[in-house]
Amino acid sequence: MNLDSKVPSGPLKNKWSKHLNDIKLVAPNNKRKHDVIVVGTGLAGGSAAASLAELGYNVKSFCIQDSARRAHSIAAQGGINAAKNYPNDGDTIWRLFYDTIKGGDYRSRESNTYRLAEISNEIIDQAVAQGVPFAREYGGLLANRSFGGAQVSRTFYARGQTGQQLLLGAYQAMMRQVHEGKIEMHTRHEMLDLVIIDGKARGIVTRDLVSGEIQRWMADAVVLASGGYGNAFYLSTNAKNSNVTAAWRCHKRGAAFANPCYVQIHPTCIPVSGDYQSKLTLMSESLRNDGRVWVPKDKEDDRHPNDIPEDERYYYLEEKYPAFGNLVPRDVASRNAKIVCDEGMGVGQTGRAVYLDFRDAIKREGQKAISDKYGNLFEMYENITDDNPYEEPMRIFPAVHYTMGGLWVDYNLQSNIPGLFVAGEANFSDHGANRLGASALMQGLSDGYFIIPYTIGNYIADTDLDEVSKDHEAFDEAANNAQSQIDKLFDVDGDKSVVEFHRELGQIMWDKVGISRSEEGLKEAISEIQDLREEFWNNVRVPGESSNYNKYLEFAGRVADFLELGELMAKDALHRDESCGCHLRAEHQTEEGEALRNDEDYSYVAAWEFQGVNGELQEELHKEDLEFDFVELKQRSYK
Amino acid sequence: MADTFTVHLKIWRQDGPEQPGKLVDYTLDKVNEHMSFLEMLDVLNEEIVAEGKEEPIEFDYDCREGICGSCNLVINGRAHGPKDMTCTCQLHMRNFSDGDTIVIEPFRAKAFPVIKDLVVDRSAFDRIIEAGGYVSVKTGSAPDANSIPIDKTVADTAFDYATCIGCGACVAACPNSSASLFTGAKLAHLNRLPQGEPERKKRTVAMVEQMEEEGFGDCSNYAECEAVCPKGISISAIAEMRRNYVKATLAGTEA
């Protein structure tokens with residue numbers, strides 16, 4: 001497998017501009033002769049589709065939701081980073097880059113991460129020009145706040161709805177191109193396979209989720225922006241429909257899946273309340289700017305939190321990490337919440353929660369100021385839990401939130417399959433083993449607005465793209481493959497619901513491939529997932545029919561894929577015999593319980609090549625060595 | 001753990017756009033006060049699937065945290081149910097009591113045809129945005145973000161209107177099935193910002209006319225839309241839209 005990262009030579013700061021100087025262009029009048037498929041309409045897919053269409057390409061856009069505006073980027077709350085240095089607190093592109101690569105525990109590619117920081121400023125300009133209503137100061141200029149893991153205020157935000165506002169900006173830009181006839185929009189369509197002809201990605205197969213029809217679509221390049229795979233855990237902060245199917249089917253066609261074990265567990269979510277629970281709700285970690293995290297020092301303390309005096313509270317983040325306090329990176333905050341709960345200090349009915357307390361902030365700044373910053377989050381919390389966070393502390397617990405792993409891409413965001421580009425959370429590229437807060441929106445929009453539109457041009461200009469037809473045998477094969485999987489699901493005709501299988505998979509993943517992992521647990525997980533997968537294919541019940549709107553059928557296909565991916569995640573976590581970022585192997589910790597990296601043996605991207613499923617998932621490991629020419633690798637310390 | 005209780009449900013079932021629909025009775029006795037309304041329907045669906053006599057109930061949902069705008073049920077005659085400023089997915093069963101009868105219907109409007117059961121086609125909203133709900137700025141052509149100072153109060157008001165999630169409750173609640181609040185909200189967001197000013201007239205006319213073409217009714221100031229809007233968007237948006245529309249369409253009048 002060819003894992004050439006195609007990183008341009010030269011100093012870090014010049015790589016992207018050098019690349020832009022060097023890449024080939026497609027003349028304006030030729031662009032209209034080329035079709036590009038974009039799968040997904042979140043920040044990455046939406047911005048890519050709009051920008052490609054503006055350039056003149058004919059874009060076919062697909063999403064599973066009933067409107068492009070509903071992609072899950074819409075739910076991002078806290079903000080988007082940029083190195084504008086408007087607050088004059090000493091921020092630079094280098095500093096944003098350095099924080100990101102350090103936050104990722106040195107498991108991302110230097111060049112990609114630097115480019116992300118470099119492009120960050122353009123994104124803010126673009127969004128403001130679109131009319132995105134970011135928070136402003138009374139002088140009329142943009143406001144910033146600091147955000148998990150950063151010592152400067154570089155986060156732009158729109159109350160607690162930054163993702164919504166940025167996504168609507170991208171969606172509106174898309175709709176303008178739909179109006180211009182440059183984007184053909186297909187909502188309620190799910191990609192079920194990738195079509196490869198002469199070694200190049202030339203199309204996709206979809207299912208129309210309303211009519212059930214299996215359809216074929218041709219293009220000169222395919223952009224996959226289908227999001228992450230956190231729903232492998234069943235309960236996560238992802239939307240219910242978020243899934244890995246489009247990416248997984250590409251993987252099964254030969255696209256390498258990189259670092260699947262890198263899963264971010266977000267520290268501030270509303271705890272689980274019962275077995276009917278269908279998803280977890282994130283409380284933006286911007287709350288940690290003003291909220292203080294604590295548990296009672298005494299395990300037996302069952303007083304109301306407001307009645308527990310100051311000296312009987314354990315502010316464990318502030319005590320253990322005086323420099324960063326409550327603003328330590330997400331993995332550190334999540335792990336410490338688990339530790340105090342494992343030690344029996346957890347609160348709430350289940351004992352699996354910690355307090356996030358605004359008492360002091362309200363005393364200091366007044367309820368109005370706190371409400372201006374977090375009003376909608378407080379309302380959301382009260383609505384779900386029936387408790388008022390202005391009057392008593394929130395209860396929070398970590399939940400699966402974001403997946404740093406994804407399809408392997410080179411510097412051009414192209415996978416190892418020529419013509420298949422991967423953007424946003426669906427790729428593995430920029431965050432390493434852990435993503436800093438307010439960096440997901442930045443990456444999605446950077447990929448879609450400012451990278452893919454150029455690198456696709458380079459690919460198209462540089463590639464012989466022969467005429468193909470939808471009758472090509474590769475299309476027949478892919479369409480038959482999609483249909484036969486659906487038929488197979490109905491043919492099982494078993495007794496157990498898709499939801500039960502998904503919930504069981506999620507429990508295995510959370511217990512053994514979650515916040516803390518061990519060799520023993522991972523081996524158990526692999527065997528349990530294999531058993532569950534076998535049971536699925538012998539006992540799943542899919543109601544209804546395929547020629548109609550059928551959500552259970554959609555989920556059945558997705559759960560089938562999660563049952564394979566889950567095993568790969570565990571395999572990857574098992575093979576990575578070190579701790580790094582979010583990946584904590586119980587065997588590898590410092591004395592203080594921090595992730596202990598092994599740069600000697602594991603400073604590489606693990607790219608897995610699908611070989612087949614035969615009871616066991618067969619995957620071959622390939623390695624892309626990570627070279628650090630510009631930063632020095634250090635043990636992370638937030639003390 | 002809270003005790004479970006029983007609810008009686010009357011749910012709209014319809015096989016497809018051309019088939020007739022009807023309310024079907026169900027009783028669910030495992031309801032927990034902390035469940036969300038949609039989780040209650042999940043539990044019911046699991047029972048239906050286990051029984052295997054009929055197909056599960058189809059309804060739209062995605063984020064389940066009140067922001068994507070997918071979920072759209074009329075509950076006891078009110079779009080998104082009894083709680084103000086709350087989407088269906090954020091409604092919890094603690095708002096109901098043991099023995100309650102709950103009627104669940106789709107968002108009904110001529111412009112929102114039923115696809116199946118409680119799922120409707122809201123693509124008309126996309127076409128209204130397509131008509132002009134944007135600032136025509138290409139990627140890469142933006143000036144520095146701080147080169148356009150905007151009064152904080154103007155920016156905040158624009159944000160208030162921009163929080164519309166496009167769920168369609170305004171349409172479902174309106175006796176005229178008008179989409180004026182949805183359309184007005186996007187106009188009120190963009191038209192008051194300096195970035196949106198150059199296209200203000202064109203945008204207003206195009207979006208209003210598209211709204212009419214989609215088969216939405218006109219506004220008669222019932223204000224039912226504002227009452228059910230999960231994001232609390234003010235009907236001032238509609239007045240503003242009309243003012244801009246009249247100014248833009250009266251020849252020779254400076255808008």
# chains A, B, ... in the order shown; residues from 1 in each chain; ligands from 1
>>> residues_around(residues="B:Val135", least_positions_apart="3", cutoff="7 Å", atoms="only C-alpha atoms", output="PyMOL selection string")
(chain A and resi 130-131) or (chain B and resi 195-196)
>>> write_last_selection(atoms="N, CA and C atoms", output="mmCIF file, in the first residue's frame")
data_model
loop_
_atom_site.group_PDB
_atom_site.id
_atom_site.type_symbol
_atom_site.label_atom_id
_atom_site.label_comp_id
_atom_site.auth_asym_id
_atom_site.auth_seq_id
_atom_site.Cartn_x
_atom_site.Cartn_y
_atom_site.Cartn_z
ATOM 1 N N GLN A 130 -20.122 36.090 5.199
ATOM 2 C CA GLN A 130 -21.397 35.412 4.902
ATOM 3 C C GLN A 130 -22.529 35.885 5.805
ATOM 4 N N GLY A 131 -22.170 36.649 6.834
ATOM 5 C CA GLY A 131 -23.203 37.106 7.762
ATOM 6 C C GLY A 131 -23.347 36.238 8.994
ATOM 7 N N GLN B 195 -23.330 43.184 5.824
ATOM 8 C CA GLN B 195 -22.984 42.218 4.775
ATOM 9 C C GLN B 195 -24.192 41.908 3.898
ATOM 10 N N GLY B 196 -25.378 41.972 4.494
ATOM 11 C CA GLY B 196 -26.580 41.581 3.764
ATOM 12 C C GLY B 196 -27.253 42.743 3.050
#
>>> residues_around(residues="A:Glu477", least_positions_apart="2", cutoff="12 Å", atoms="only C-alpha atoms", output="number ranges by chain")
A: 193-197, 204-205, 216, 253, 470-475, 479-484
>>> select_by_dssp(residues="stretch 74-144 of chain A", states="helix (DSSP H, G or I)", output="PyMOL selection string")
chain A and resi 74-75+93-103+110-129
>>> select_by_dssp(residues="stretch 430-600 of chain A", states="strand (DSSP E or B)", output="PyMOL selection string")
chain A and resi 496-497+517+540-541+580+583+585+589+595
>>> write_last_selection(atoms="N, CA and C atoms", output="PDB file, in the first residue's frame")
ATOM      1  N   LYS A 496     -34.061 -10.556  17.374  1.00  0.00           N
ATOM      2  CA  LYS A 496     -33.492  -9.506  18.204  1.00  0.00           C
ATOM      3  C   LYS A 496     -33.396  -8.208  17.415  1.00  0.00           C
ATOM      4  N   SER A 497     -33.769  -7.135  18.082  1.00  0.00           N
ATOM      5  CA  SER A 497     -33.838  -5.859  17.386  1.00  0.00           C
ATOM      6  C   SER A 497     -32.452  -5.271  17.128  1.00  0.00           C
ATOM      7  N   ARG A 517      -7.914   1.594  28.606  1.00  0.00           N
ATOM      8  CA  ARG A 517      -7.887   0.319  27.888  1.00  0.00           C
ATOM      9  C   ARG A 517      -6.739  -0.536  28.392  1.00  0.00           C
ATOM     10  N   VAL A 540     -30.740 -11.141  13.754  1.00  0.00           N
ATOM     11  CA  VAL A 540     -31.274  -9.772  13.738  1.00  0.00           C
ATOM     12  C   VAL A 540     -32.655  -9.765  13.092  1.00  0.00           C
ATOM     13  N   ARG A 541     -33.497  -8.895  13.595  1.00  0.00           N
ATOM     14  CA  ARG A 541     -34.813  -8.746  12.976  1.00  0.00           C
ATOM     15  C   ARG A 541     -34.919  -7.348  12.374  1.00  0.00           C
ATOM     16  N   CYS A 580      -1.248   7.526  24.456  1.00  0.00           N
ATOM     17  CA  CYS A 580      -1.021   8.822  23.815  1.00  0.00           C
ATOM     18  C   CYS A 580      -2.371   9.519  23.712  1.00  0.00           C
ATOM     19  N   HIS A 583      -5.857   7.970  23.996  1.00  0.00           N
ATOM     20  CA  HIS A 583      -5.673   6.517  24.057  1.00  0.00           C
ATOM     21  C   HIS A 583      -4.851   6.193  25.293  1.00  0.00           C
ATOM     22  N   ARG A 585      -3.576   3.433  27.674  1.00  0.00           N
ATOM     23  CA  ARG A 585      -3.403   2.021  27.998  1.00  0.00           C
ATOM     24  C   ARG A 585      -3.002   1.949  29.459  1.00  0.00           C
ATOM     25  N   GLN A 589       1.387   4.375  32.041  1.00  0.00           N
ATOM     26  CA  GLN A 589       1.045   5.655  32.647  1.00  0.00           C
ATOM     27  C   GLN A 589       2.256   6.165  33.415  1.00  0.00           C
ATOM     28  N   ALA A 595      -0.783   9.915  30.422  1.00  0.00           N
ATOM     29  CA  ALA A 595      -0.468   9.040  29.299  1.00  0.00           C
ATOM     30  C   ALA A 595       1.040   9.009  29.071  1.00  0.00           C
TER      31      ALA A 595
END
>>> closest_atom_pairs(of="stretch 429-493 of chain A", to="stretch 155-178 of chain A", cutoff="10 Å", atoms="only C-alpha atoms", output="JSON lines")
{"residue": "A:Gly437", "atom": "CA", "partner": "A:Thr155", "partner_atom": "CA", "distance": 9.1}
{"residue": "A:Ala438", "atom": "CA", "partner": "A:Thr155", "partner_atom": "CA", "distance": 6.8}
{"residue": "A:Ser439", "atom": "CA", "partner": "A:Thr155", "partner_atom": "CA", "distance": 9.2}
{"residue": "A:Ala440", "atom": "CA", "partner": "A:Gly163", "partner_atom": "CA", "distance": 9.6}
{"residue": "A:Leu441", "atom": "CA", "partner": "A:Gly163", "partner_atom": "CA", "distance": 6.9}
{"residue": "A:Leu445", "atom": "CA", "partner": "A:Ala170", "partner_atom": "CA", "distance": 8.7}
{"residue": "A:Gly448", "atom": "CA", "partner": "A:Ala170", "partner_atom": "CA", "distance": 9.6}
{"residue": "A:Tyr449", "atom": "CA", "partner": "A:Ala170", "partner_atom": "CA", "distance": 9.1}
>>> write_last_selection(atoms="C-alpha atoms", output="PDB file, in the first residue's frame")
ATOM      1  CA  GLY A 437     -11.643  22.301  21.862  1.00  0.00           C
ATOM      2  CA  ALA A 438     -12.892  24.585  19.061  1.00  0.00           C
ATOM      3  CA  SER A 439     -10.681  22.830  16.521  1.00  0.00           C
ATOM      4  CA  ALA A 440     -13.237  20.598  14.818  1.00  0.00           C
ATOM      5  CA  LEU A 441     -15.102  23.475  13.209  1.00  0.00           C
ATOM      6  CA  LEU A 445     -14.087  24.445   7.201  1.00  0.00           C
ATOM      7  CA  GLY A 448     -13.806  22.286   2.693  1.00  0.00           C
ATOM      8  CA  TYR A 449     -13.357  25.968   1.902  1.00  0.00           C
TER       9      TYR A 449
END
>>> closest_residue(among="B:Glu33, B:Asp25, B:Glu214, B:Glu39", to="B:Asp98", atoms="only C-alpha atoms")
B:Glu33
>>> interface_residues(of="chain A", to="chain B", cutoff="7 Å", atoms="only C-alpha atoms", output="compact mmCIF listing (two decimals) with C-alpha atoms, in the first residue's frame")
# COMPACT_ATOMS: atom_id res chain seq x y z
CA SER A 51 -16.58 26.28 -2.98
CA GLU A 54 -18.31 28.52 -7.14
CA SER A 67 -32.07 18.97 4.44
CA ARG A 70 -29.30 19.40 9.49
CA HIS A 72 -24.46 17.13 12.78
CA ILE A 74 -25.05 22.01 13.56
CA ALA A 75 -24.78 20.79 17.14
CA ILE A 124 -13.23 33.72 10.26
CA ASP A 125 -13.08 36.28 7.45
CA GLN A 126 -15.16 34.05 5.22
CA VAL A 128 -18.18 36.98 8.82
CA ALA A 129 -18.58 37.96 5.17
CA GLN A 130 -21.40 35.41 4.90
CA GLY A 131 -23.20 37.11 7.76
CA PRO A 133 -23.38 36.51 13.66
CA ARG A 136 -19.13 41.08 19.34
CA GLU A 137 -17.84 43.63 21.79
CA TYR A 138 -19.66 46.94 22.30
CA GLY A 139 -17.13 48.60 20.00
CA GLY A 140 -18.53 46.49 17.19
CA LEU A 141 -15.54 44.20 16.79
CA LEU A 142 -15.43 40.46 17.28
CA GLN A 172 -26.59 29.09 2.52
CA ALA A 173 -23.51 29.25 0.30
CA MET A 175 -28.11 26.86 -1.59
CA ARG A 176 -26.85 29.80 -3.64
CA VAL A 178 -28.14 25.10 -6.05
CA HIS A 179 -29.94 28.21 -7.28
CA ASN A 238 -23.31 12.30 17.96
CA ALA A 239 -26.67 12.65 16.27
CA LYS A 240 -28.66 9.43 16.08
CA ASN A 241 -28.10 9.10 12.35
CA TYR A 276 -33.93 3.78 27.48
CA GLN A 277 -31.30 6.49 26.95
CA SER A 278 -30.84 7.08 23.23
CA THR A 281 -25.99 15.54 25.46
CA ILE A 384 -33.13 17.56 30.48
CA TYR A 449 -13.36 25.97 1.90
CA PRO A 543 -39.00 -5.03 10.10
CA GLY A 544 -40.75 -3.52 7.08
CA TYR A 549 -39.01 4.69 4.13
